Each structure stands twice: as C-alpha cells, then as structure tokens.
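For reference, the structure is listed below as structure tokens.
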Amino acid sequence: MLSKTKISKIELASYICNASGPSDSILEELEIIAKSDSSAIMMKSCTIKPRIGNPEPRYVHLPLGSIQSMGLPNLGYQKYIRFASQLKKYNKPIIASVAGLSIEDYRVMVEAFQKSEVNLIEVNLSCPNVEGKSQVAYDFEQTEKVLRVISNLGDIPLGLKLPAYFDFIHQKQMAQLILKYNISFITCINSVGNTLFIDPEKEMPVIKPKKGFGGLCGDYIKPIALANVRAFYELLDDKVSIFGVGGIKSGLDAFEFLIAGADAVQVATVFEKEGESCFTRINQELEEILKRKNYNSIQEAKGRLKHL
Ligand code: OXC
C-alpha cells in the first residue's frame, strides 16, 4: 500500500479510518469496522456512565452533509475497555475516544484506557452537543487544567480532538499547550458546533435538541477542516501527528488533506451514508492519485501545498 502511514508511533495500513461518531457504539458495529478497510477501529466517544443521548430527531442528512446533535449516546467507558480486548484479535489499531463531563472524568477515563488494549487515546475536547456544557477546547484555561491531569498517566499516545478555530491566535494558543504537554496527535476538526438548519415549509429547525442548534458535518465544513489542519501543521512543525476530518468523501478530498499536512484522515458522514465500502473506495481513489502524481509514499506528499 502506497498509503500506509503512522499516527505517533502507531502504524496504520492505510490513510483512512472511521471517525468517532457514526456506527461505532456497540461491539457488532465495531466488528464491521474491524473487518472493513478502515485502517483503525475508532470507538464512540464515551463518558463515565452510559448515556442515551439527546431526543430524536437528532441526526438529519442534508444535501451536502448532515446536521446532528447526538448528545454522546454511549455505553459507558468500561464497556469500551472490554470491547478493546475483544477486538484485539483483528490486529488493527484500536482508538479510544473519551469525552469527560468534568476534569475528573477525563482523568479517570484516560487512566483506565492507559491500562487497556487500545493503541491510541483521543481526548474529545470539542463535543458541541451536551446541553449546558461548552466545548472545552474553546477555553484555554480549562484545556490546560485537563492536560495537566491527563498527560502523564501512561505510554499510550494521547491525542486531542479539537473544534474548528477561526482565528490564528486561537490555533497558536492551542499549539502552545499541545507542545507544552507532549500531546502526540490532534484530530481536526469536530463538527462545527451550534449551527442551524431550517425547514422553511414547516418553519422549524430540522433537529429537535437544543431548539435545533447542532453540529454541522460533511462538504459544508471541508474548507474549515483543511484550514485547521494546515494552520496546525505549520505551527506544530511535524512534532505532533495530525488526523484530518471534515467532509472527506473521495480520494481527492483525502489528497487535499494530505498536502495540507494530515498524517491520516477519518471519515464520518460518508461512512454513515455509504457504509463500510467507503473505506475501500476512498483508499483506491487516493492510491490512484498518488501513482498518477508520482508520489511514492504518504510521507513524500505530506504538507506539499504550494503557495500562489
Ligand atoms: N461531536 C461529538 O464530539 N459528539 C457527537 N457529535 C459531534 O458532533 C455527539 O455525540 O453529539
């Protein structure tokens, strides 16, 4: 595979894996991902206790993506620790995703996953869909408090799932924290939070939670995701691996993230819409693009964006 890559010290057989979110909450779904061409098994963001999530309708397909406010429905972190042991036999990197509702939650879950069979731990600092909770990574003091308690709990590489930033100063402040606390990878970006889609016939929003305000995904957010990947690639100087996510539905989209500086990409909406065959298709398309452009590896093409 031309498109094999690495996130931190963990090797991935290809450039594409699933993002935390769609169809990765229960063991049966995770086994489908394990048997597919996804290069890792990413699990749903978990909390200390199981959650049923927000009221429905909470996920709606849109012409160019989706809007959702799932509210972290999950089985509780202890189940995902057990799933990691059960998924080990597939010989594919397993990634935990933890979403604390307090600093102590993050500590407890990261400590527990550090003693588990997972290969990477993604710390979700950016879920926009829990009523009454703001996205941690928009508050740099709060983020530092979390990093202080989670960064020295073990050797499994830790990453941060970040929200979209829209000003260079914010990416700069976050990059300083990432370097200060030896974070191994980042995932850019979570859904763009608190957007509103309206059905003009019904004169109502299309989803129920939070009076219709929800996370925007898919094509709508690709330029925002690319900009965040590029900004962090430049700020982090290749010391921290980058997962790109946001609107990737073809090999060409993946290639754009590659030249922007992503070490690998995750897909969410396209997996939800197309099923697990999307991993095979996007991989093949990317391999063809790399061959056509005479790139011999991911490393060779990574970050190669030119300037006008
Ligand atoms: N981002 C998350 O981190 N979580 C989910 N949605 C999202 O956009 C969720 O469960 O609401």
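How things are named: the first chain in the structure tokens is A, the next is B, and so on; residues count from 1 in each chain; ligands count from 1 in the order shown.
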
Quick one: contact table of range 56-133 of chain A to range 174-198 of chain A, 10 Å max, nearest atom pair and distance in Å to one decimal per residue, counting only C-alpha atoms, chain and number order, as JSON lines?
```
{"residue": "A:Val60", "atom": "CA", "partner": "A:Phe197", "partner_atom": "CA", "distance": 9.7}
{"residue": "A:Leu62", "atom": "CA", "partner": "A:Phe197", "partner_atom": "CA", "distance": 9.0}
{"residue": "A:Ser66", "atom": "CA", "partner": "A:Ser191", "partner_atom": "CA", "distance": 9.6}
{"residue": "A:Ile67", "atom": "CA", "partner": "A:Phe197", "partner_atom": "CA", "distance": 7.6}
{"residue": "A:Gln68", "atom": "CA", "partner": "A:Ser191", "partner_atom": "CA", "distance": 8.7}
{"residue": "A:Ser69", "atom": "CA", "partner": "A:Asn194", "partner_atom": "CA", "distance": 8.9}
{"residue": "A:Leu120", "atom": "CA", "partner": "A:Phe185", "partner_atom": "CA", "distance": 9.2}
{"residue": "A:Ile121", "atom": "CA", "partner": "A:Phe185", "partner_atom": "CA", "distance": 9.4}
{"residue": "A:Glu122", "atom": "CA", "partner": "A:Ile186", "partner_atom": "CA", "distance": 8.0}
{"residue": "A:Val123", "atom": "CA", "partner": "A:Ile186", "partner_atom": "CA", "distance": 9.0}
{"residue": "A:Asn124", "atom": "CA", "partner": "A:Asn190", "partner_atom": "CA", "distance": 8.6}
{"residue": "A:Leu125", "atom": "CA", "partner": "A:Asn190", "partner_atom": "CA", "distance": 9.1}
{"residue": "A:Ser126", "atom": "CA", "partner": "A:Asn190", "partner_atom": "CA", "distance": 6.4}
{"residue": "A:Cys127", "atom": "CA", "partner": "A:Asn190", "partner_atom": "CA", "distance": 7.2}
{"residue": "A:Pro128", "atom": "CA", "partner": "A:Gly193", "partner_atom": "CA", "distance": 5.1}
{"residue": "A:Asn129", "atom": "CA", "partner": "A:Gly193", "partner_atom": "CA", "distance": 7.6}
```

*DSSP on the backbone: what in range 212-305 of chain A comes out alpha helix (DSSP H), as a PyMOL selection string?*
chain A and resi 222-236+251-260+269-274+277-292+298-301

*Mind pulling up the distance from CA of Arg281 in chain A to CA of Met1 in chain A?*
13.8 Å

*Selection: 8 Å around Met70 in chain A, only C-alpha atoms, excl. self and same-chain fewer than 5 positions, as a PyMOL selection string*: chain A and resi 53-54+58-59+129

*Top pick for closest residue to ligand 1, considering A:Lys302, A:Lys133, A:Lys115, A:Arg148 and counting only C-alpha atoms and all ligand atoms*: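 Checking each of A:Lys302, A:Lys133, A:Lys115, A:Arg148 against ligand 1, counting only C-alpha atoms and all ligand atoms, the winner is A:Lys133.
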
*In Å, rounded to a single decimal, give me how far CA of Val130 in chain A is from CA of Lys161 in chain A.*
15.8 Å

*asked:* Need to verify the contact set: Glu131 in chain A, 9 Å, only C-alpha atoms, exclusion of same-chain residues closer than 5 positions in sequence. Can you return it as JSON, numbers by chain?
replied: {"A": [54, 71, 209, 210]}

*asked:* Need the shell around Gln78 in chain A: protein/DNA/RNA residues with any atom at most 8 Å away, counting only C-alpha atoms. Skip same-chain ones fewer than 3 positions apart. Format as a PyMOL selection string?
replied: chain A and resi 48+81-82

Restrict the selected residues to all heavy atoms and save them as a PDB file, in the first residue's frame.
```
ATOM      1  N   ILE A  48     -18.266   8.581  31.583  1.00  0.00           N
ATOM      2  CA  ILE A  48     -18.133   7.664  32.730  1.00  0.00           C
ATOM      3  C   ILE A  48     -19.329   6.709  32.783  1.00  0.00           C
ATOM      4  O   ILE A  48     -19.168   5.500  32.835  1.00  0.00           O
ATOM      5  CB  ILE A  48     -18.038   8.467  34.055  1.00  0.00           C
ATOM      6  CG1 ILE A  48     -16.783   9.332  34.065  1.00  0.00           C
ATOM      7  CG2 ILE A  48     -18.115   7.531  35.264  1.00  0.00           C
ATOM      8  CD1 ILE A  48     -15.502   8.646  34.468  1.00  0.00           C
ATOM      9  N   ILE A  81     -13.550  -0.457  27.220  1.00  0.00           N
ATOM     10  CA  ILE A  81     -12.309  -1.133  27.639  1.00  0.00           C
ATOM     11  C   ILE A  81     -12.453  -2.630  27.358  1.00  0.00           C
ATOM     12  O   ILE A  81     -11.545  -3.264  26.816  1.00  0.00           O
ATOM     13  CB  ILE A  81     -12.031  -0.837  29.126  1.00  0.00           C
ATOM     14  CG1 ILE A  81     -11.595   0.620  29.247  1.00  0.00           C
ATOM     15  CG2 ILE A  81     -10.971  -1.798  29.692  1.00  0.00           C
ATOM     16  CD1 ILE A  81     -11.306   1.107  30.637  1.00  0.00           C
ATOM     17  N   ARG A  82     -13.626  -3.176  27.661  1.00  0.00           N
ATOM     18  CA  ARG A  82     -13.883  -4.595  27.379  1.00  0.00           C
ATOM     19  C   ARG A  82     -13.898  -4.840  25.859  1.00  0.00           C
ATOM     20  O   ARG A  82     -13.321  -5.800  25.376  1.00  0.00           O
ATOM     21  CB  ARG A  82     -15.225  -5.011  27.992  1.00  0.00           C
ATOM     22  CG  ARG A  82     -15.147  -6.396  28.626  1.00  0.00           C
ATOM     23  CD  ARG A  82     -16.309  -6.658  29.572  1.00  0.00           C
ATOM     24  NE  ARG A  82     -16.518  -5.601  30.549  1.00  0.00           N
ATOM     25  CZ  ARG A  82     -17.730  -5.151  30.939  1.00  0.00           C
ATOM     26  NH1 ARG A  82     -18.837  -5.645  30.411  1.00  0.00           N
ATOM     27  NH2 ARG A  82     -17.836  -4.204  31.859  1.00  0.00           N
TER      28      ARG A  82
END
```

*Name the closest residue to ligand 1 among the candidates A:Cys17, A:Ala40, A:Ile221, A:Leu235; distances are taken between atoms, counting only C-alpha atoms and all ligand atoms.*
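Selected residue with least distance to ligand 1: A:Ile221.
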
_Taking 5 positions as the minimum chain separation for residues in the same chain, which residues sit within 9 Å of Glu104 in chain A when counting only C-alpha atoms? Answer as a list in words._
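Skipping anything fewer than 5 positions along the chain leaves Met109, Val146 and Val149 of chain A.
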